[in-house]
Amino acid sequence: MKWANALSTRPSLEGAVFEVVERSQQLLSAPADLGFVFISSAFASEYSRLMPLLQERLGVPVLIGCSGSGIIGMDGQDVARELEEQPALSLTLACLPGVKVEAFHLDGEELPDLDSPPDAWVEAIGVPASSHPHFVILADPFTSKINDLLQGLDFAYPGSAKVGGLASGGAMGNTMALFSGDRLYREGAVGVALSGNIVLETIVAQGCKPIGHPFTVKECERNILLALDDGPCGSGVSQRPLEALKTVIESLSESDRQLAQHSLFIGIARNEFKEELEQGDFLIRNVLGVDPREGAIAVGDRLRPGQRIQFHLRDAQTSAEDLEMLLQRYQSSFSASNSSVGALMFACLGRGEQLYGEPDFDSRLFRQYVGNIPVSGFFCNGEIGPVGGGTFLHGYTSVFGICHPL
């Protein structure tokens, strides 16, 4: 298994295509089975020319990609770069012996109903569940019905890794694009299913730290928290969510209290049976608003009684510490080995230099712990990755998909 990436910052599309094709083929030095291409929105007026230009020079059987306002790849000195708001083209080529690669395009309006059996989703994808595929998914933010798609894929392919992101671009929607084969798509989702001699391991860095202690949801209505219980398994005192939040904030340092004014989130525990919850055990969701009269809090996800939640904070330091903690955990796990050949990175538009005040932060930290493997990807309108056994659409997150043979 081999993996190569090339990044170009040439302002002309022809020049950029020539550079990335020439360098990636030279680095791979083997026939490619799969390609990923990520193109910056600086080339928006030329999106329709991208795939024909690539197809002229490439013989890769499966090639997918999308647009991004920031592009990630390897420069000529083999350094991972995150190029934001500037012309950039990133091309990854992979030689995958023993791996079956199946591309797909799904229109949001044609997705199976969520009440449909798994077979309906298998038919839509065209890959049997028995092959235990892993997925890379690139989607339009507006027309893909991405949450339904992820829920359906989890239903039909339990245990399969699924990573990806929502295409991004400029302020106008027509600056976003999806690519598959020789086609340009403006709607839906494109992706690949990878089965056989391949493992896709994931790191999902949501960039938050927990504050206070976990609570149990005692009463809620859809996404509105109405009452919390401060004891394990609902054995404590019931209180209004705003009262609980006030108590938590009073226990914080002055700097964290200031942070809570604008960077407060709620984490929903994904493992119902784990007694001691840790950082990384939560699905992070936005706090959408509060009702001071009722003491209620609106959360950016559906809730149900019995779930455990914990308040979280996010800033640059917390994001850096969270990613480093997850990378250290990955590095020390049995699966972190020299057999990893390449990685895809899907980072939120709210991260990067805007968050850290310096370029290439997440990709540099990733390679520090995972090793000198090619990294490519883009800055997304939403990131796709697993937490606690389910696949979700995230925000403010960096998701990594790391490939190696079985």
# chains A, B, ... in the order shown; residues from 1 in each chain; ligands from 1

$ closest_atom_pairs --of "segment 129-202 of chain A" --to "segment 43-64 of chain A" --cutoff "9 Å" --atoms "only C-alpha atoms" --output "tab-separated table"
residue	atom	partner	partner_atom	distance
A:Leu138	CA	A:Ile64	CA	8.5
A:Gly169	CA	A:Ala44	CA	8.1
A:Gly170	CA	A:Ala44	CA	8.8
A:Asn174	CA	A:Ala44	CA	8.1
A:Thr175	CA	A:Ala44	CA	5.3
A:Met176	CA	A:Ala44	CA	7.5
A:Ala177	CA	A:Tyr47	CA	7.3
A:Leu178	CA	A:Ile64	CA	7.7
A:Phe179	CA	A:Ile64	CA	5.2
A:Ser180	CA	A:Ile64	CA	4.3
A:Gly181	CA	A:Leu63	CA	5.4
A:Asp182	CA	A:Met51	CA	5.3
A:Arg183	CA	A:Met51	CA	7.0
A:Leu184	CA	A:Ser48	CA	6.4
A:Val190	CA	A:Ile64	CA	7.2
A:Gly191	CA	A:Ile64	CA	6.9
A:Val192	CA	A:Ile64	CA	7.8

$ select_by_dssp --residues "segment 187-241 of chain A" --states "helix (DSSP H, G or I)" --output "PyMOL selection string"
chain A and resi 232-234+241

$ write_last_selection --atoms "C-alpha atoms" --output "CSV table (one decimal), in the first residue's frame"
chain,number,residue,atom,x,y,z
A,232,PRO,CA,-25.2,9.6,39.1
A,233,CYS,CA,-28.0,7.8,37.3
A,234,GLY,CA,-30.5,10.4,38.4
A,241,PRO,CA,-30.4,23.8,34.0

$ closest_residue --among "A:Cys348, A:Ala16, A:Ala30, A:Leu106" --to "Ala4 of chain A" --atoms "only C-alpha atoms"
A:Ala30

$ closest_residue --among "A:Ala227, A:Val20, A:Ala139, A:Leu153" --to "Ala189 of chain A" --atoms "only C-alpha atoms"
A:Ala139

$ atom_distance --atom1 "atom CA of Gly300 of chain A" --atom2 "atom CA of Arg351 of chain A"
19.7 Å

$ atom_distance --atom1 "atom CA of Ile297 of chain A" --atom2 "atom CA of Leu226 of chain A"
7.1 Å

$ closest_residue --among "A:Gly207, A:Gly382, A:Gly70, A:Pro158" --to "Ser319 of chain A" --atoms "only C-alpha atoms"
A:Gly207

$ residues_around --residues "Gly395 of chain A" --least-positions-apart "6" --cutoff "10 Å" --atoms "only C-alpha atoms" --output "ChimeraX atom specification"
/A:206-207,284-286,347-351,380-384

$ residues_around --residues "Gly389 of chain A" --least-positions-apart "3" --cutoff "10 Å" --atoms "only C-alpha atoms" --output "PyMOL selection string"
chain A and resi 154+158-161+270-271+386+392

$ write_last_selection --atoms "C-alpha atoms" --output "PDB file, in the first residue's frame"
ATOM      1  CA  ASP A 154     -24.617   3.695  10.570  1.00  0.00           C
ATOM      2  CA  PRO A 158     -22.504  -0.705  11.815  1.00  0.00           C
ATOM      3  CA  GLY A 159     -18.887  -0.742  12.859  1.00  0.00           C
ATOM      4  CA  SER A 160     -17.672   0.865   9.630  1.00  0.00           C
ATOM      5  CA  ALA A 161     -15.546   4.006   9.958  1.00  0.00           C
ATOM      6  CA  ARG A 270     -22.283   8.671  24.080  1.00  0.00           C
ATOM      7  CA  ASN A 271     -21.518   5.657  26.289  1.00  0.00           C
ATOM      8  CA  PRO A 386     -17.465   9.007  14.834  1.00  0.00           C
ATOM      9  CA  PHE A 392     -22.053  12.698  13.511  1.00  0.00           C
TER      10      PHE A 392
END

$ closest_residue --among "A:Arg329, A:Gly73, A:Val204, A:Gln261" --to "Gly342 of chain A" --atoms "only C-alpha atoms"
A:Gly73

$ atom_distance --atom1 "atom CA of Gly188 of chain A" --atom2 "atom CA of Ser363 of chain A"
28.1 Å

$ closest_residue --among "A:Pro118, A:Pro11, A:Pro128, A:Gly295" --to "Pro87 of chain A" --atoms "only C-alpha atoms"
A:Pro11

$ residues_around --residues "Phe379 of chain A" --least-positions-apart "6" --cutoff "10 Å" --atoms "only C-alpha atoms" --output "count of residues only"
25

$ closest_residue --among "A:Glu243, A:Glu250, A:Leu225, A:Ile198" --to "Gly212 of chain A" --atoms "only C-alpha atoms"
A:Glu250

$ select_by_dssp --residues "segment 251-287 of chain A" --states "strand (DSSP E)" --output "number ranges by chain"
A: 264-269, 282-287

$ write_last_selection --atoms "N, CA, C and O atoms" --output "PDB file, in the first residue's frame"
ATOM      1  N   LEU A 264     -19.223  28.601  25.413  1.00  0.00           N
ATOM      2  CA  LEU A 264     -19.810  27.547  26.244  1.00  0.00           C
ATOM      3  C   LEU A 264     -20.531  26.535  25.356  1.00  0.00           C
ATOM      4  O   LEU A 264     -21.266  26.896  24.437  1.00  0.00           O
ATOM      5  N   PHE A 265     -20.318  25.253  25.653  1.00  0.00           N
ATOM      6  CA  PHE A 265     -20.941  24.168  24.892  1.00  0.00           C
ATOM      7  C   PHE A 265     -21.463  23.115  25.866  1.00  0.00           C
ATOM      8  O   PHE A 265     -21.154  23.141  27.066  1.00  0.00           O
ATOM      9  N   ILE A 266     -22.246  22.207  25.332  1.00  0.00           N
ATOM     10  CA  ILE A 266     -22.728  21.079  26.135  1.00  0.00           C
ATOM     11  C   ILE A 266     -22.281  19.783  25.477  1.00  0.00           C
ATOM     12  O   ILE A 266     -22.416  19.609  24.258  1.00  0.00           O
ATOM     13  N   GLY A 267     -21.715  18.898  26.280  1.00  0.00           N
ATOM     14  CA  GLY A 267     -21.315  17.584  25.804  1.00  0.00           C
ATOM     15  C   GLY A 267     -22.344  16.545  26.214  1.00  0.00           C
ATOM     16  O   GLY A 267     -22.792  16.513  27.362  1.00  0.00           O
ATOM     17  N   ILE A 268     -22.736  15.705  25.258  1.00  0.00           N
ATOM     18  CA  ILE A 268     -23.697  14.635  25.512  1.00  0.00           C
ATOM     19  C   ILE A 268     -22.933  13.319  25.527  1.00  0.00           C
ATOM     20  O   ILE A 268     -22.303  12.950  24.529  1.00  0.00           O
ATOM     21  N   ALA A 269     -22.952  12.619  26.655  1.00  0.00           N
ATOM     22  CA  ALA A 269     -22.206  11.368  26.773  1.00  0.00           C
ATOM     23  C   ALA A 269     -22.757  10.329  25.802  1.00  0.00           C
ATOM     24  O   ALA A 269     -23.969  10.140  25.706  1.00  0.00           O
ATOM     25  N   PHE A 282     -17.673  12.654  24.978  1.00  0.00           N
ATOM     26  CA  PHE A 282     -18.873  13.457  24.758  1.00  0.00           C
ATOM     27  C   PHE A 282     -18.996  13.895  23.298  1.00  0.00           C
ATOM     28  O   PHE A 282     -17.998  14.175  22.628  1.00  0.00           O
ATOM     29  N   LEU A 283     -20.236  13.965  22.838  1.00  0.00           N
ATOM     30  CA  LEU A 283     -20.551  14.607  21.576  1.00  0.00           C
ATOM     31  C   LEU A 283     -20.846  16.072  21.888  1.00  0.00           C
ATOM     32  O   LEU A 283     -21.790  16.380  22.615  1.00  0.00           O
ATOM     33  N   ILE A 284     -20.022  16.988  21.365  1.00  0.00           N
ATOM     34  CA  ILE A 284     -20.133  18.407  21.698  1.00  0.00           C
ATOM     35  C   ILE A 284     -21.187  19.074  20.827  1.00  0.00           C
ATOM     36  O   ILE A 284     -21.179  18.936  19.603  1.00  0.00           O
ATOM     37  N   ARG A 285     -22.073  19.813  21.477  1.00  0.00           N
ATOM     38  CA  ARG A 285     -23.137  20.523  20.768  1.00  0.00           C
ATOM     39  C   ARG A 285     -23.241  21.964  21.280  1.00  0.00           C
ATOM     40  O   ARG A 285     -22.903  22.271  22.419  1.00  0.00           O
ATOM     41  N   ASN A 286     -23.717  22.860  20.395  1.00  0.00           N
ATOM     42  CA  ASN A 286     -23.849  24.274  20.731  1.00  0.00           C
ATOM     43  C   ASN A 286     -24.945  24.505  21.767  1.00  0.00           C
ATOM     44  O   ASN A 286     -25.953  23.794  21.795  1.00  0.00           O
ATOM     45  N   VAL A 287     -24.733  25.527  22.569  1.00  0.00           N
ATOM     46  CA  VAL A 287     -25.810  26.074  23.390  1.00  0.00           C
ATOM     47  C   VAL A 287     -26.504  27.131  22.532  1.00  0.00           C
ATOM     48  O   VAL A 287     -25.911  28.154  22.176  1.00  0.00           O
TER      49      VAL A 287
END
